[in-house]
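Notes to accompany the following structure.
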Amino acid sequence: MLGSIPDRGLLEQPPQEVAPYLLGKVLVAANLAGRIVEVEAYLGPHNPTPDPAAHAHRGPTPRNAVLFGLAGHAYVYSIYGRYFCMNVSCETEGRAGCVLIRALEPLAGLDQMAANRNLPPGSPLHQLTSGPSRLCQALGIARATHNGLDLISSDSPLQLRDDGFPVREYLVTPRIGIKEAVDWPLRFALPNHPCVSGPKSFSEKISLYRIESRPSIRRTVNPKRIPRT
DNA sequence: ACTCGGATTCTCT
DNA sequence: GAGAATCCGAGTA
């Protein structure tokens, strides 16, 4: 009902390729599920131009160890003392790289999500899972319980699934909330989706890509190139 | 051992 | 739009 488990090989690629691939996929945590509508790529330190905003950019540490392991595992970290964010590890083993899940469209367990967020039942969808820490709270994802879990396993309490939802185009913008590499176009989102977080417009830094045919830029105001990998 | 700041969110004004 | 809440991990010594 929520689709099949994706192939791990599809995640053993650079984050900027895995990120748009994850758009439209389903994240399942126990009996709760949501469709991924917004992500950000964070590049590993092996790149010629290292990503200064990435947790892995100075090499392996106890915290980021998952990022250097096999692709398709959850990297969950705590932030600001009260929240968690969740990433999907990618790249081949030994190389770091990940995709931050920034927003979901709730699909299953909406009342439970609202309860987890201390919101009343029937709250608007975008209040449940729009934002990287909001979605972790809604799905009950925490570092102690979910960091390092394999997302590509039908036994896992945290899974990635592909239900065939078609994504024909997606927005590309700079990433949110970082202080380094602020212009790199590594945030990806479904256009006009109500559950996407962040500012409504990035004015001068948005591109709209179409999938199929080769990715072609329909509208580009001031795109900067992703550092070569 | 000690300092510093964060891939955020919520609550005000 | 600004400020608080709040603590763990990374970097420096």
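A note on labels: chains of the structure tokens are A, B, ... as shown, every chain counts residues from 1, and ligands are counted from 1 in their shown order.
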
Q.
Please extract the residues of chain A with a backbone DSSP assignment of helix (DSSP H, G or I) and present them as JSON, numbers by chain.
A. {"A": [8, 9, 10, 11, 15, 16, 17, 18, 19, 20, 21, 22, 65, 66, 67, 68, 110, 111, 112, 113, 114, 115, 116, 125, 126, 127, 128, 129, 132, 133, 134, 135, 136, 137, 138, 139, 143, 144, 145, 146, 203, 204, 205]}

Q: Compile the contact shell of range 9-13 of chain B as a ChimeraX atom specification: residues with an atom at most 12 Å away, counting only C-alpha atoms (C1' of nucleotides), same-chain residues fewer than 5 positions apart removed.
A: /A:79-84,117,127,130-135,137 /C:1-5

For the residues in the current selection, export C-alpha atoms (C1' of nucleotides) as a PDB file, in the first residue's frame.
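Listed below is the output, again_2.pdb:
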```
ATOM      1  CA  ILE A  79      20.033  20.640  17.333  1.00  0.00           C
ATOM      2  CA  TYR A  80      19.422  23.658  19.532  1.00  0.00           C
ATOM      3  CA  GLY A  81      19.098  21.377  22.493  1.00  0.00           C
ATOM      4  CA  ARG A  82      15.516  20.524  21.773  1.00  0.00           C
ATOM      5  CA  TYR A  83      15.036  19.299  18.227  1.00  0.00           C
ATOM      6  CA  PHE A  84      16.150  16.559  15.863  1.00  0.00           C
ATOM      7  CA  ARG A 117       3.378  17.740  17.993  1.00  0.00           C
ATOM      8  CA  GLN A 127       1.700  22.375  10.749  1.00  0.00           C
ATOM      9  CA  SER A 130       6.628  21.181   7.415  1.00  0.00           C
ATOM     10  CA  GLY A 131      10.166  21.657   8.700  1.00  0.00           C
ATOM     11  CA  PRO A 132      13.028  19.257   9.423  1.00  0.00           C
ATOM     12  CA  SER A 133      12.459  19.135  13.173  1.00  0.00           C
ATOM     13  CA  ARG A 134       8.695  19.280  12.950  1.00  0.00           C
ATOM     14  CA  LEU A 135       8.617  16.114  10.875  1.00  0.00           C
ATOM     15  CA  GLN A 137       8.623  15.316  16.158  1.00  0.00           C
TER      16      GLN A 137
ATOM     17  C1'  DG C   1      10.742  40.631  12.461  1.00  0.00           C
ATOM     18  C1'  DA C   2      13.165  39.766  16.748  1.00  0.00           C
ATOM     19  C1'  DG C   3      14.414  36.990  20.703  1.00  0.00           C
ATOM     20  C1'  DA C   4      14.312  33.034  23.736  1.00  0.00           C
ATOM     21  C1'  DA C   5      14.687  28.244  24.737  1.00  0.00           C
TER      22       DA C   5
END
```

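Residue list for chain B within 9 Å of chain A: DG6, DA7, DT8 and DT9 of chain B, counting only C-alpha atoms (C1' of nucleotides).
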
Q: In Å, rounded to a single decimal, give me how far CA of Asn31 in chain A is from CA of Ala108 in chain A.
A: 7.1 Å

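For chain C, the residues having at least one atom no farther than 9 Å from chain A, when counting only C-alpha atoms (C1' of nucleotides), are DA5, DT6, DC7, DC8, DG9 and DA10 of chain C.
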
(Q) Report as a list in words all protein, DNA and RNA residues lying within 9 Å of Ser156 in chain A, evaluated on only C-alpha atoms (C1' of nucleotides), omitting residues in the same chain fewer than 5 positions from it. (A) Ala29, Ala30, Leu149, Asp150 and Leu151 of chain A

Q: Determine which residues of range 9-212 of chain A DSSP labels as strand (DSSP E) from the backbone of this structure, then write them out as a ChimeraX atom specification.
A: /A:26-29,32-43,74-79,83-89,97-108,158-161,169-173,187-189,207-210

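When CA of Val172 in chain A is paired with CA of Arg187 in chain A, their separation reads 5.5 Å.
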
Q | Non-local contacts of Asp7 in chain A (8 Å; only C-alpha atoms (C1' of nucleotides); under 3 positions in same chain excluded) as a PyMOL selection string | A | chain A and resi 10-11+152

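Interatomic distance, CA of Thr145 in chain A to CA of Gln159 in chain A: 13.7 Å.
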
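The protein and nucleic acid residues lying at most 12 Å from Ser153 in chain A are Ser4, Ile5, Pro6, Asp7, Arg8, Val28, Gly72, His73, Ala74, Gln159, Leu160 and Arg161 of chain A, with only C-alpha atoms (C1' of nucleotides) considered and sequence neighbours fewer than 6 positions away removed.
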
Written selection (N, CA, C and O atoms) as a CSV table (one decimal), in the first residue's frame:
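Okay, this is what ended up in again-v1.csv:
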```csv
chain,number,residue,atom,x,y,z
A,4,SER,N,7.0,-0.1,-2.7
A,4,SER,CA,8.1,-1.0,-2.6
A,4,SER,C,9.3,-0.3,-1.9
A,4,SER,O,9.4,1.0,-1.9
A,5,ILE,N,10.3,-1.1,-1.5
A,5,ILE,CA,11.5,-0.6,-0.9
A,5,ILE,C,12.4,-0.2,-2.1
A,5,ILE,O,12.6,-1.0,-3.0
A,6,PRO,N,12.9,1.0,-2.2
A,6,PRO,CA,13.8,1.4,-3.3
A,6,PRO,C,15.1,0.6,-3.3
A,6,PRO,O,15.5,0.0,-2.3
A,7,ASP,N,15.8,0.6,-4.4
A,7,ASP,CA,17.1,-0.1,-4.5
A,7,ASP,C,18.1,0.8,-3.8
A,7,ASP,O,18.2,2.0,-4.1
A,8,ARG,N,19.0,0.1,-3.0
A,8,ARG,CA,20.0,0.9,-2.3
A,8,ARG,C,21.0,1.5,-3.3
A,8,ARG,O,21.5,2.6,-3.0
A,28,VAL,N,8.4,6.1,6.2
A,28,VAL,CA,7.5,5.4,7.1
A,28,VAL,C,8.2,5.1,8.4
A,28,VAL,O,9.3,4.6,8.5
A,72,GLY,N,21.8,4.7,2.6
A,72,GLY,CA,20.4,4.3,2.9
A,72,GLY,C,20.2,4.2,4.4
A,72,GLY,O,19.2,3.5,4.8
A,73,HIS,N,21.0,4.8,5.2
A,73,HIS,CA,20.8,4.7,6.6
A,73,HIS,C,20.4,6.1,7.2
A,73,HIS,O,20.7,7.1,6.5
A,74,ALA,N,19.8,6.1,8.3
A,74,ALA,CA,19.3,7.4,8.9
A,74,ALA,C,20.4,8.0,9.7
A,74,ALA,O,20.9,7.4,10.6
A,159,GLN,N,11.6,3.4,7.4
A,159,GLN,CA,11.7,2.9,6.1
A,159,GLN,C,11.5,4.0,5.0
A,159,GLN,O,10.7,4.9,5.2
A,160,LEU,N,12.1,3.8,3.9
A,160,LEU,CA,11.9,4.6,2.7
A,160,LEU,C,11.1,3.7,1.7
A,160,LEU,O,11.4,2.5,1.6
A,161,ARG,N,10.1,4.3,1.1
A,161,ARG,CA,9.3,3.5,0.2
A,161,ARG,C,9.0,4.3,-1.1
A,161,ARG,O,9.0,5.5,-1.1
```

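Nearest-residue note for Ala103 in chain A: choosing from A:Arg143, A:His46, A:Arg35, A:Lys25, the minimum distance belongs to A:Arg35, counting only C-alpha atoms.
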